[in-house]
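**Q** Here you go, this is data.pdb (PDB, C-alpha atoms, pLDDT in the B column).
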ATOM      1  CA  GLN E   5      10.496 -11.053  12.242  1.00 91.00           C
ATOM      2  CA  LEU E   6       9.271  -8.241  10.009  1.00 95.00           C
ATOM      3  CA  GLN E   7       6.261  -6.368  11.367  1.00 97.00           C
ATOM      4  CA  LEU E   8       4.203  -3.690   9.648  1.00 98.00           C
ATOM      5  CA  ALA E   9       2.018  -0.999  11.183  1.00 98.00           C
ATOM      6  CA  GLU E  10      -0.285   1.255   9.196  1.00 98.00           C
ATOM      7  CA  SER E  11      -1.398   4.716  10.253  1.00 97.00           C
ATOM      8  CA  GLY E  12      -2.810   7.859   8.713  1.00 97.00           C
ATOM      9  CA  GLY E  13      -6.370   6.805   8.086  1.00 97.00           C
ATOM     10  CA  GLY E  14      -9.337   8.858   9.152  1.00 96.00           C
ATOM     11  CA  LEU E  15     -12.383  10.761   8.049  1.00 97.00           C
ATOM     12  CA  VAL E  16     -11.985  12.917   4.955  1.00 97.00           C
ATOM     13  CA  GLN E  17     -14.333  14.803   2.662  1.00 97.00           C
ATOM     14  CA  PRO E  18     -14.714  13.899  -1.017  1.00 97.00           C
ATOM     15  CA  GLY E  19     -11.983  15.531  -3.044  1.00 97.00           C
ATOM     16  CA  GLY E  20      -9.598  15.512  -0.108  1.00 97.00           C
ATOM     17  CA  SER E  21      -6.270  13.736   0.335  1.00 97.00           C
ATOM     18  CA  LEU E  22      -4.643  11.361   2.779  1.00 96.00           C
ATOM     19  CA  ARG E  23      -1.147  10.033   3.278  1.00 98.00           C
ATOM     20  CA  LEU E  24      -1.077   6.541   4.697  1.00 98.00           C
ATOM     21  CA  SER E  25       2.055   5.258   6.413  1.00 98.00           C
ATOM     22  CA  CYS E  26       3.365   1.709   6.677  1.00 98.00           C
ATOM     23  CA  ALA E  27       6.109   1.576   9.290  1.00 98.00           C
ATOM     24  CA  ALA E  28       8.283  -1.524   9.300  1.00 97.00           C
ATOM     25  CA  SER E  29      10.095  -2.953  12.299  1.00 96.00           C
ATOM     26  CA  GLY E  30      12.205  -6.010  12.927  1.00 95.00           C
ATOM     27  CA  TYR E  31      14.004  -5.807   9.579  1.00 94.00           C
ATOM     28  CA  THR E  32      15.215  -3.050   7.294  1.00 93.00           C
ATOM     29  CA  LEU E  33      13.169  -2.694   4.118  1.00 92.00           C
ATOM     30  CA  ASP E  34      16.172  -3.043   1.837  1.00 91.00           C
ATOM     31  CA  HIS E  35      15.024  -5.845  -0.456  1.00 93.00           C
ATOM     32  CA  TYR E  36      11.260  -6.198  -0.330  1.00 96.00           C
ATOM     33  CA  THR E  37       8.180  -5.428  -2.303  1.00 97.00           C
ATOM     34  CA  VAL E  38       5.745  -3.458  -0.179  1.00 97.00           C
ATOM     35  CA  ALA E  39       2.171  -3.132  -1.353  1.00 98.00           C
ATOM     36  CA  TRP E  40      -1.030  -1.404  -0.346  1.00 98.00           C
ATOM     37  CA  PHE E  41      -4.406  -3.093  -0.369  1.00 98.00           C
ATOM     38  CA  ARG E  42      -7.865  -2.125   0.749  1.00 98.00           C
ATOM     39  CA  GLN E  43     -11.003  -3.963   1.698  1.00 98.00           C
ATOM     40  CA  ALA E  44     -14.406  -2.354   1.831  1.00 97.00           C
ATOM     41  CA  THR E  45     -17.184  -3.956   3.833  1.00 95.00           C
ATOM     42  CA  GLY E  46     -18.617  -6.876   1.910  1.00 95.00           C
ATOM     43  CA  ASN E  47     -15.946  -6.707  -0.800  1.00 95.00           C
ATOM     44  CA  LYS E  48     -12.854  -8.715  -1.617  1.00 96.00           C
ATOM     45  CA  ARG E  49      -9.461  -7.338  -0.734  1.00 97.00           C
ATOM     46  CA  GLU E  50      -8.210  -5.159  -3.593  1.00 97.00           C
ATOM     47  CA  GLY E  51      -4.591  -4.470  -4.509  1.00 97.00           C
ATOM     48  CA  LEU E  52      -3.730  -0.816  -5.129  1.00 98.00           C
ATOM     49  CA  SER E  53      -0.020  -0.196  -5.539  1.00 98.00           C
ATOM     50  CA  CYS E  54       3.400  -1.648  -4.798  1.00 97.00           C
ATOM     51  CA  ILE E  55       7.012  -0.530  -4.648  1.00 97.00           C
ATOM     52  CA  SER E  56      10.316  -2.334  -4.754  1.00 95.00           C
ATOM     53  CA  THR E  57      12.410  -1.120  -1.849  1.00 95.00           C
ATOM     54  CA  TRP E  58      15.497  -2.340  -3.748  1.00 92.00           C
ATOM     55  CA  ASP E  59      15.294  -0.133  -6.815  1.00 91.00           C
ATOM     56  CA  GLY E  60      12.167   1.978  -6.351  1.00 93.00           C
ATOM     57  CA  VAL E  61      10.130   0.439  -9.168  1.00 95.00           C
ATOM     58  CA  THR E  62       6.450   1.170  -8.628  1.00 96.00           C
ATOM     59  CA  TYR E  63       3.141  -0.101  -9.933  1.00 97.00           C
ATOM     60  CA  TYR E  64      -0.398   1.250  -9.656  1.00 97.00           C
ATOM     61  CA  GLU E  65      -3.697  -0.437 -10.301  1.00 97.00           C
ATOM     62  CA  ASN E  66      -6.245   1.511 -12.337  1.00 96.00           C
ATOM     63  CA  SER E  67      -8.356   2.321  -9.279  1.00 94.00           C
ATOM     64  CA  VAL E  68      -5.670   4.693  -7.957  1.00 95.00           C
ATOM     65  CA  LYS E  69      -3.462   5.365 -10.983  1.00 96.00           C
ATOM     66  CA  GLY E  70      -3.001   9.066 -11.611  1.00 96.00           C
ATOM     67  CA  ARG E  71      -4.188  10.167  -8.185  1.00 97.00           C
ATOM     68  CA  SER E  72      -1.854   8.345  -5.846  1.00 97.00           C
ATOM     69  CA  THR E  73       1.847   8.097  -5.124  1.00 98.00           C
ATOM     70  CA  ILE E  74       3.669   5.291  -3.332  1.00 98.00           C
ATOM     71  CA  SER E  75       7.044   6.143  -1.850  1.00 98.00           C
ATOM     72  CA  LEU E  76       9.734   4.870   0.492  1.00 97.00           C
ATOM     73  CA  ASP E  77      11.615   6.714   3.220  1.00 97.00           C
ATOM     74  CA  LYS E  78      14.596   4.474   3.889  1.00 95.00           C
ATOM     75  CA  ALA E  79      15.706   6.463   6.909  1.00 96.00           C
ATOM     76  CA  LYS E  80      12.326   5.903   8.554  1.00 97.00           C
ATOM     77  CA  ASN E  81      11.899   2.360   7.193  1.00 97.00           C
ATOM     78  CA  THR E  82       8.437   3.461   6.098  1.00 98.00           C
ATOM     79  CA  VAL E  83       6.398   3.217   2.918  1.00 98.00           C
ATOM     80  CA  TYR E  84       3.751   5.827   2.190  1.00 98.00           C
ATOM     81  CA  LEU E  85       0.680   5.927  -0.011  1.00 98.00           C
ATOM     82  CA  GLN E  86      -0.603   9.397  -0.854  1.00 98.00           C
ATOM     83  CA  ILE E  87      -4.109   9.342  -2.318  1.00 97.00           C
ATOM     84  CA  ASN E  88      -5.668  12.465  -3.771  1.00 97.00           C
ATOM     85  CA  SER E  89      -9.147  13.266  -5.074  1.00 97.00           C
ATOM     86  CA  LEU E  90     -10.704  10.831  -2.636  1.00 97.00           C
ATOM     87  CA  LYS E  91     -14.179   9.506  -3.406  1.00 96.00           C
ATOM     88  CA  PRO E  92     -16.785   7.838  -1.191  1.00 96.00           C
ATOM     89  CA  GLU E  93     -15.988   4.546  -2.917  1.00 96.00           C
ATOM     90  CA  ASP E  94     -12.449   4.790  -1.526  1.00 97.00           C
ATOM     91  CA  THR E  95     -13.908   4.073   1.916  1.00 98.00           C
ATOM     92  CA  ALA E  96     -12.259   0.900   3.200  1.00 98.00           C
ATOM     93  CA  VAL E  97      -9.716  -0.546   5.591  1.00 98.00           C
ATOM     94  CA  TYR E  98      -6.300  -0.023   4.045  1.00 98.00           C
ATOM     95  CA  TYR E  99      -3.538  -2.574   4.616  1.00 98.00           C
ATOM     96  CA  CYS E 100       0.111  -2.710   3.753  1.00 98.00           C
ATOM     97  CA  ALA E 101       1.910  -5.971   3.092  1.00 98.00           C
ATOM     98  CA  ALA E 102       5.451  -7.081   2.300  1.00 97.00           C
ATOM     99  CA  SER E 103       7.079  -9.786   0.247  1.00 96.00           C
ATOM    100  CA  GLU E 104      10.765 -10.725   0.013  1.00 93.00           C
ATOM    101  CA  GLN E 105      10.318 -11.096  -3.759  1.00 85.00           C
ATOM    102  CA  THR E 106      11.145  -8.035  -5.850  1.00 83.00           C
ATOM    103  CA  SER E 107      10.720  -7.346  -9.514  1.00 82.00           C
ATOM    104  CA  SER E 108      11.750  -4.804 -12.109  1.00 79.00           C
ATOM    105  CA  TRP E 109       8.412  -5.218 -13.881  1.00 85.00           C
ATOM    106  CA  TYR E 110       5.248  -5.612 -11.845  1.00 91.00           C
ATOM    107  CA  THR E 111       2.058  -6.716 -13.589  1.00 89.00           C
ATOM    108  CA  GLY E 112      -0.343  -6.505 -10.681  1.00 93.00           C
ATOM    109  CA  VAL E 113      -0.821  -6.340  -6.934  1.00 93.00           C
ATOM    110  CA  ARG E 114      -2.025  -9.758  -5.764  1.00 94.00           C
ATOM    111  CA  ASP E 115      -2.589 -10.541  -2.112  1.00 92.00           C
ATOM    112  CA  TYR E 116      -1.391 -14.148  -2.329  1.00 93.00           C
ATOM    113  CA  GLU E 117       2.114 -12.898  -3.190  1.00 93.00           C
ATOM    114  CA  TYR E 118       2.528 -11.236   0.227  1.00 96.00           C
ATOM    115  CA  ASP E 119       3.185 -12.956   3.517  1.00 95.00           C
ATOM    116  CA  THR E 120       3.561 -10.143   6.058  1.00 97.00           C
ATOM    117  CA  TRP E 121       0.601  -7.895   6.761  1.00 98.00           C
ATOM    118  CA  GLY E 122      -0.226  -4.957   8.953  1.00 98.00           C
ATOM    119  CA  GLN E 123      -3.376  -4.582  11.017  1.00 97.00           C
ATOM    120  CA  GLY E 124      -5.008  -1.996   8.747  1.00 97.00           C
ATOM    121  CA  THR E 125      -6.182   1.584   9.049  1.00 98.00           C
ATOM    122  CA  GLN E 126      -9.720   2.799   8.346  1.00 98.00           C
ATOM    123  CA  VAL E 127     -10.316   5.427   5.682  1.00 98.00           C
ATOM    124  CA  THR E 128     -13.795   6.921   5.468  1.00 98.00           C
ATOM    125  CA  VAL E 129     -14.667   9.389   2.718  1.00 98.00           C
ATOM    126  CA  THR E 130     -17.887  11.194   3.379  1.00 95.00           C
ATOM    127  CA  SER E 131     -19.364  14.672   3.356  1.00 92.00           C
TER     128      SER E 131
END
In structure tokens, write the structure found in this file.
**A**
Amino acid sequence: QLQLAESGGGLVQPGGSLRLSCAASGYTLDHYTVAWFRQATGNKREGLSCISTWDGVTYYENSVKGRSTISLDKAKNTVYLQINSLKPEDTAVYYCAASEQTSSWYTGVRDYEYDTWGQGTQVTVTS
């Protein structure tokens, strides 16, 4: 059974950066889509970015496009999300999720498409 574990969250000042990690165990991430989501208190869960572990195709939602990078380290079976220029509104619990469906053309990051989830890591952006 595939399991995911996020890490790398914490307290950061506005304008700072974080690299979140999503470590997979149980299966090798050789043919999955892995995505990052976040959920702020009182808000719906929001999709941010996804990557095909098969061919490396990536997708970013507008909220993080241009200031984030999703990547895969196959040797470590880990997907990363680097977010730069952090803002207070980026404060949320960040989750990674995986789906066995891959695509060469993503049109969005939708939570109902993913069936394996991590436990989340808190990111707080404050001065």
**Q** Rounded to one decimal place, report the CA of Ala9 (chain E)-CA of Leu76 (chain E) distance in Å.
**A**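 Value for the CA of Ala9 (chain E)-CA of Leu76 (chain E) distance: 14.4 Å.
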**Q** Could you spell out the hits of the PyMOL selection byres ((chain E and resi 54-63) around 12) on the shown file, as a PDB file with C-alpha atoms, keeping the file's coordinate frame?
**A**
ATOM      1  CA  CYS E  26       3.365   1.709   6.677  1.00 98.00           C
ATOM      2  CA  ALA E  28       8.283  -1.524   9.300  1.00 97.00           C
ATOM      3  CA  THR E  32      15.215  -3.050   7.294  1.00 93.00           C
ATOM      4  CA  LEU E  33      13.169  -2.694   4.118  1.00 92.00           C
ATOM      5  CA  ASP E  34      16.172  -3.043   1.837  1.00 91.00           C
ATOM      6  CA  HIS E  35      15.024  -5.845  -0.456  1.00 93.00           C
ATOM      7  CA  TYR E  36      11.260  -6.198  -0.330  1.00 96.00           C
ATOM      8  CA  THR E  37       8.180  -5.428  -2.303  1.00 97.00           C
ATOM      9  CA  VAL E  38       5.745  -3.458  -0.179  1.00 97.00           C
ATOM     10  CA  ALA E  39       2.171  -3.132  -1.353  1.00 98.00           C
ATOM     11  CA  TRP E  40      -1.030  -1.404  -0.346  1.00 98.00           C
ATOM     12  CA  PHE E  41      -4.406  -3.093  -0.369  1.00 98.00           C
ATOM     13  CA  GLY E  51      -4.591  -4.470  -4.509  1.00 97.00           C
ATOM     14  CA  LEU E  52      -3.730  -0.816  -5.129  1.00 98.00           C
ATOM     15  CA  SER E  53      -0.020  -0.196  -5.539  1.00 98.00           C
ATOM     16  CA  TYR E  64      -0.398   1.250  -9.656  1.00 97.00           C
ATOM     17  CA  GLU E  65      -3.697  -0.437 -10.301  1.00 97.00           C
ATOM     18  CA  ASN E  66      -6.245   1.511 -12.337  1.00 96.00           C
ATOM     19  CA  SER E  67      -8.356   2.321  -9.279  1.00 94.00           C
ATOM     20  CA  VAL E  68      -5.670   4.693  -7.957  1.00 95.00           C
ATOM     21  CA  LYS E  69      -3.462   5.365 -10.983  1.00 96.00           C
ATOM     22  CA  GLY E  70      -3.001   9.066 -11.611  1.00 96.00           C
ATOM     23  CA  SER E  72      -1.854   8.345  -5.846  1.00 97.00           C
ATOM     24  CA  THR E  73       1.847   8.097  -5.124  1.00 98.00           C
ATOM     25  CA  ILE E  74       3.669   5.291  -3.332  1.00 98.00           C
ATOM     26  CA  SER E  75       7.044   6.143  -1.850  1.00 98.00           C
ATOM     27  CA  LEU E  76       9.734   4.870   0.492  1.00 97.00           C
ATOM     28  CA  ASP E  77      11.615   6.714   3.220  1.00 97.00           C
ATOM     29  CA  LYS E  78      14.596   4.474   3.889  1.00 95.00           C
ATOM     30  CA  ASN E  81      11.899   2.360   7.193  1.00 97.00           C
ATOM     31  CA  THR E  82       8.437   3.461   6.098  1.00 98.00           C
ATOM     32  CA  VAL E  83       6.398   3.217   2.918  1.00 98.00           C
ATOM     33  CA  TYR E  84       3.751   5.827   2.190  1.00 98.00           C
ATOM     34  CA  LEU E  85       0.680   5.927  -0.011  1.00 98.00           C
ATOM     35  CA  TYR E  99      -3.538  -2.574   4.616  1.00 98.00           C
ATOM     36  CA  CYS E 100       0.111  -2.710   3.753  1.00 98.00           C
ATOM     37  CA  ALA E 101       1.910  -5.971   3.092  1.00 98.00           C
ATOM     38  CA  ALA E 102       5.451  -7.081   2.300  1.00 97.00           C
ATOM     39  CA  SER E 103       7.079  -9.786   0.247  1.00 96.00           C
ATOM     40  CA  GLU E 104      10.765 -10.725   0.013  1.00 93.00           C
ATOM     41  CA  GLN E 105      10.318 -11.096  -3.759  1.00 85.00           C
ATOM     42  CA  THR E 106      11.145  -8.035  -5.850  1.00 83.00           C
ATOM     43  CA  SER E 107      10.720  -7.346  -9.514  1.00 82.00           C
ATOM     44  CA  SER E 108      11.750  -4.804 -12.109  1.00 79.00           C
ATOM     45  CA  TRP E 109       8.412  -5.218 -13.881  1.00 85.00           C
ATOM     46  CA  TYR E 110       5.248  -5.612 -11.845  1.00 91.00           C
ATOM     47  CA  THR E 111       2.058  -6.716 -13.589  1.00 89.00           C
ATOM     48  CA  GLY E 112      -0.343  -6.505 -10.681  1.00 93.00           C
ATOM     49  CA  VAL E 113      -0.821  -6.340  -6.934  1.00 93.00           C
ATOM     50  CA  ARG E 114      -2.025  -9.758  -5.764  1.00 94.00           C
ATOM     51  CA  ASP E 115      -2.589 -10.541  -2.112  1.00 92.00           C
ATOM     52  CA  GLU E 117       2.114 -12.898  -3.190  1.00 93.00           C
ATOM     53  CA  TYR E 118       2.528 -11.236   0.227  1.00 96.00           C
TER      54      TYR E 118
END
**Q** Evaluate the PyMOL selection byres ((chain E and resi 123-130) around 12) and record the selected residues as a ChimeraX atom specification, following the chain and residue labels used in the document.
**A** /E:7-27,40-45,49,87-101,120-122,131
**Q** Write out, as a compact mmCIF listing (two decimals), in the frame of the given file, the residues just selected, with C-alpha atoms.
**A**
# COMPACT_ATOMS: atom_id res chain seq x y z
CA GLN E 7 6.26 -6.37 11.37
CA LEU E 8 4.20 -3.69 9.65
CA ALA E 9 2.02 -1.00 11.18
CA GLU E 10 -0.28 1.25 9.20
CA SER E 11 -1.40 4.72 10.25
CA GLY E 12 -2.81 7.86 8.71
CA GLY E 13 -6.37 6.80 8.09
CA GLY E 14 -9.34 8.86 9.15
CA LEU E 15 -12.38 10.76 8.05
CA VAL E 16 -11.98 12.92 4.96
CA GLN E 17 -14.33 14.80 2.66
CA PRO E 18 -14.71 13.90 -1.02
CA GLY E 19 -11.98 15.53 -3.04
CA GLY E 20 -9.60 15.51 -0.11
CA SER E 21 -6.27 13.74 0.34
CA LEU E 22 -4.64 11.36 2.78
CA ARG E 23 -1.15 10.03 3.28
CA LEU E 24 -1.08 6.54 4.70
CA SER E 25 2.06 5.26 6.41
CA CYS E 26 3.36 1.71 6.68
CA ALA E 27 6.11 1.58 9.29
CA TRP E 40 -1.03 -1.40 -0.35
CA PHE E 41 -4.41 -3.09 -0.37
CA ARG E 42 -7.86 -2.12 0.75
CA GLN E 43 -11.00 -3.96 1.70
CA ALA E 44 -14.41 -2.35 1.83
CA THR E 45 -17.18 -3.96 3.83
CA ARG E 49 -9.46 -7.34 -0.73
CA ILE E 87 -4.11 9.34 -2.32
CA ASN E 88 -5.67 12.46 -3.77
CA SER E 89 -9.15 13.27 -5.07
CA LEU E 90 -10.70 10.83 -2.64
CA LYS E 91 -14.18 9.51 -3.41
CA PRO E 92 -16.78 7.84 -1.19
CA GLU E 93 -15.99 4.55 -2.92
CA ASP E 94 -12.45 4.79 -1.53
CA THR E 95 -13.91 4.07 1.92
CA ALA E 96 -12.26 0.90 3.20
CA VAL E 97 -9.72 -0.55 5.59
CA TYR E 98 -6.30 -0.02 4.04
CA TYR E 99 -3.54 -2.57 4.62
CA CYS E 100 0.11 -2.71 3.75
CA ALA E 101 1.91 -5.97 3.09
CA THR E 120 3.56 -10.14 6.06
CA TRP E 121 0.60 -7.90 6.76
CA GLY E 122 -0.23 -4.96 8.95
CA SER E 131 -19.36 14.67 3.36
